[in-house]
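**Student:** My structure is below; once you've seen it, I'll send some questions.
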Amino acid sequence: MSDFGVYVHVPFCRHRCDYCAFATFTDRDELMARYVDAVCRDIRAARQDGMPVADTVFFGGGTPTRLAPELLVSILDEIPRASGAEVTVECNPDDVSEAMFRIFVEHGVNRISFGVQSMQAHVLASLGRTHDPDNVRRGVEAARRVGLSSFNLDVIYGAHGETVDDWVRTVRDVIELDPPHVSAYGLTVEGGTPLAERPEQHPDDDVQAEMYEVVDDLLVGVGLANYEVSNWARPGHESRHNRMYWAQGDYRGFGSAAHSHEAGRRWWNVRTPDRYVELVTSGQSPQSADETLDDETRRIEGLQLALRTRDGVAVESFSASDLDVLEGLVAVVDGRAVLTRRGRLMANEVSMRLR
Ligand SMILES: C[S@@+](CC[C@H](N)C(=O)[O-])C[C@H]1O[C@@H](n2cnc3c(N)ncnc32)[C@H](O)[C@@H]1O
Ligand code: SF4
């Protein structure tokens, strides 16, 4: 049995990044208190409906640290948790303080994910991010002081104007903070974002591939093992919540635009916080739509997700002739077909051959 997860979406940001397509808003802060009340009410209703206790809880966004910490933990207090549950909060380095982290810890938060993106001021500016790299250092120190020793640093590579040297400097600065977990994502161009309108700023595939190799070399060199295409961790610091997603586990999402999954049925909530508050406070379901995957689609999705992890898939998931074609991209280790580093760069293409 995989873990049961709870995701809480916090749809507020100070400023909208040009590359981001997430369901988040910069002009609705006045809704925060009512939004939190609605999420709490929604969780209580799910509890009455027999929602299991959570093994993992993840506050994501948007920017969870836009909420006053007291408001954020009032949501956490409503979520029944198994002992030893992993509880993560995504944090903007500009918002955090030791006082905020203390409140988090008192209520059961035990993992922080910092949105670092880059440690180079000009790259941050190009991404449209406002924080000062020194705030990342201060944030990490504050987390350590209150005992939040398990944390993730989220970085992005491939911003316009970022050279491979800039990226090396960012990864080195990240390593200096001795993080137990790093997520590094290639900047992707999402439809409908301001970045999509500016082709001259789109990342170059070859440069991004080189950056991927750089980050993998440097992180593996200091003992952070790659355990999913974009994730590296010291043993024991892998994200249980993400592993639950990759194992197609069951989870409940609360808040606007949050997704839920149970045994092949997926559903998601209305996209705006206004509508979410309106529906929940009037006793209605905030669900927008749902879909049920047929067994075959679900099986293939499961293989695609597993292939991206270091455990790979059973070797029979590829035909013998495809395994030949995929030489150099897929290695067979103890009866499992596992992506090589070159294969990780082409995970989507390799996935097309799963059977
Ligand atoms: C949606 S954000 C939420 C946390 C916080 N607001 C932040 O930006 O750090 C989670 C992660 O997704 C990343 N992200 C958002 N859009 C992206 C894109 N187009 N390509 C790559 N990463 C992206 C962000 O940089 C961030 O690290
Ligand atoms: S990347 Fe993060 S901070 Fe930027 S708009 Fe998206 S959710 Fe907000």
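To be explicit about the labels: the chains of the structure tokens are called A, B, and onward in the order shown, and within each one the residues are counted from 1, while ligands get numbers from 1 in the order they are shown.
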Would you tabulate, counting only C-alpha atoms and all ligand atoms, all residues of chain A that have an atom at most 9 Å from an atom of ligand 2, showing the closest pair of atoms and their distance in Å to one decimal, sorted by chain then ascending number, as JSON lines?

**Tutor:**
{"residue": "A:Pro11", "atom": "CA", "partner": "ligand 2", "partner_atom_place_in_ligand_line": "7 (S)", "distance": 7.7}
{"residue": "A:Phe12", "atom": "CA", "partner": "ligand 2", "partner_atom_place_in_ligand_line": "8 (Fe)", "distance": 7.2}
{"residue": "A:Cys13", "atom": "CA", "partner": "ligand 2", "partner_atom_place_in_ligand_line": "8 (Fe)", "distance": 4.8}
{"residue": "A:Arg14", "atom": "CA", "partner": "ligand 2", "partner_atom_place_in_ligand_line": "3 (S)", "distance": 7.2}
{"residue": "A:His15", "atom": "CA", "partner": "ligand 2", "partner_atom_place_in_ligand_line": "5 (S)", "distance": 6.2}
{"residue": "A:Arg16", "atom": "CA", "partner": "ligand 2", "partner_atom_place_in_ligand_line": "5 (S)", "distance": 3.9}
{"residue": "A:Cys17", "atom": "CA", "partner": "ligand 2", "partner_atom_place_in_ligand_line": "4 (Fe)", "distance": 4.2}
{"residue": "A:Asp18", "atom": "CA", "partner": "ligand 2", "partner_atom_place_in_ligand_line": "5 (S)", "distance": 7.4}
{"residue": "A:Tyr19", "atom": "CA", "partner": "ligand 2", "partner_atom_place_in_ligand_line": "1 (S)", "distance": 7.1}
{"residue": "A:Cys20", "atom": "CA", "partner": "ligand 2", "partner_atom_place_in_ligand_line": "6 (Fe)", "distance": 4.5}
{"residue": "A:Ala21", "atom": "CA", "partner": "ligand 2", "partner_atom_place_in_ligand_line": "6 (Fe)", "distance": 6.7}
{"residue": "A:Phe22", "atom": "CA", "partner": "ligand 2", "partner_atom_place_in_ligand_line": "6 (Fe)", "distance": 5.7}
{"residue": "A:Ala23", "atom": "CA", "partner": "ligand 2", "partner_atom_place_in_ligand_line": "7 (S)", "distance": 7.7}
{"residue": "A:Thr24", "atom": "CA", "partner": "ligand 2", "partner_atom_place_in_ligand_line": "7 (S)", "distance": 6.2}
{"residue": "A:Phe25", "atom": "CA", "partner": "ligand 2", "partner_atom_place_in_ligand_line": "5 (S)", "distance": 7.8}
{"residue": "A:Thr26", "atom": "CA", "partner": "ligand 2", "partner_atom_place_in_ligand_line": "8 (Fe)", "distance": 8.3}
{"residue": "A:Gly60", "atom": "CA", "partner": "ligand 2", "partner_atom_place_in_ligand_line": "7 (S)", "distance": 8.4}
{"residue": "A:Gly61", "atom": "CA", "partner": "ligand 2", "partner_atom_place_in_ligand_line": "7 (S)", "distance": 5.3}
{"residue": "A:Gly62", "atom": "CA", "partner": "ligand 2", "partner_atom_place_in_ligand_line": "7 (S)", "distance": 3.7}
{"residue": "A:Thr63", "atom": "CA", "partner": "ligand 2", "partner_atom_place_in_ligand_line": "7 (S)", "distance": 5.8}
{"residue": "A:Asn92", "atom": "CA", "partner": "ligand 2", "partner_atom_place_in_ligand_line": "3 (S)", "distance": 7.3}
{"residue": "A:Gly115", "atom": "CA", "partner": "ligand 2", "partner_atom_place_in_ligand_line": "2 (Fe)", "distance": 7.4}
{"residue": "A:Leu127", "atom": "CA", "partner": "ligand 2", "partner_atom_place_in_ligand_line": "4 (Fe)", "distance": 8.9}
{"residue": "A:Gly128", "atom": "CA", "partner": "ligand 2", "partner_atom_place_in_ligand_line": "4 (Fe)", "distance": 8.2}
{"residue": "A:Arg129", "atom": "CA", "partner": "ligand 2", "partner_atom_place_in_ligand_line": "4 (Fe)", "distance": 7.3}

**Student:** DSSP says strand (DSSP E or B) for which residues of range 64-207 of chain A? Put them as a count of residues only?

**Tutor:** 31

**Student:** Give me the residues within 12 Å of Ser282 in chain A as a list in words, counting only C-alpha atoms and dropping any in the same chain fewer than 4 places off.

**Tutor:**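 After dropping sequence-adjacent residues, the list is Ala38, Arg41, Asp42, Arg275, Tyr276, Val277, Glu278 and Pro286 of chain A.
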
**Student:** Please provide as JSON, numbers by chain all residues within 10 Å of Asn242 in chain A, with the sequence filter that same-chain residues fewer than 6 positions apart are discarded (counting only C-alpha atoms).

**Tutor:** {"A": [5, 56, 58, 228, 231, 248, 249]}

**Student:** Where in range 121-239 of chain A does DSSP assign alpha helix (DSSP H), given as a PyMOL selection string?

**Tutor:** chain A and resi 121-127+133-145+164-176+205-221

**Student:** So that I can check the surroundings of Asn152 in chain A, please list as a PyMOL selection string every protein, DNA and RNA residue that reaches within 6 Å of it, counting only C-alpha atoms and ignoring chain neighbours fewer than 6 positions away.

**Tutor:** chain A and resi 113+181-182

**Student:** Name all residues at most 12 Å from Ala347 in chain A (count only C-alpha atoms; drop same-chain ones fewer than 6 positions away) and give them as a list in words.

**Tutor:**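 Within the cut-off, the hits are Glu228, Val229, Ser230, Leu303, Gln304, Leu305, Ala306, Leu307, Arg308, Thr309, Gly312, Leu326, Leu329, Val330, Val338, Leu339, Thr340, Arg341, Arg353 and Leu354 of chain A.
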
**Student:** Quick one: of A:Glu190, A:Asp206, A:Glu301, A:Asp29, who's nearest to ligand 1, counting only C-alpha atoms and all ligand atoms?

**Tutor:**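 For ligand 1, the nearest of the given residues is A:Glu190.
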
**Student:** At a cut-off of 10 Å, using only C-alpha atoms, what residues contact Ser150 in chain A? Leave out same-chain residues fewer than 6 positions from it and give the result as an MDAnalysis selection string.

**Tutor:** chainID A and resid 88 110:113 143:144 179:181 234 236:239

**Student:** Hey, can you check how far atom 4 (C, counted along the ligand's line) of ligand 1 sits from CA of Cys91 in chain A?

**Tutor:**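 About the pair atom 4 (C, counted along the ligand's line) of ligand 1 and CA of Cys91 in chain A: they are 6.5 Å apart.
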
**Student:** Calculate how many Å separate CA of Pro273 in chain A from CA of Val39 in chain A, rounding to one decimal.

**Tutor:**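 The value is 10.2 Å.
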
**Student:** Taking only C-alpha atoms and all ligand atoms into account, which of A:Ile175, A:Met244, A:Val89, A:Val140 comes nearest ligand 1?

**Tutor:**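 For ligand 1, the nearest of the candidates is A:Val89.
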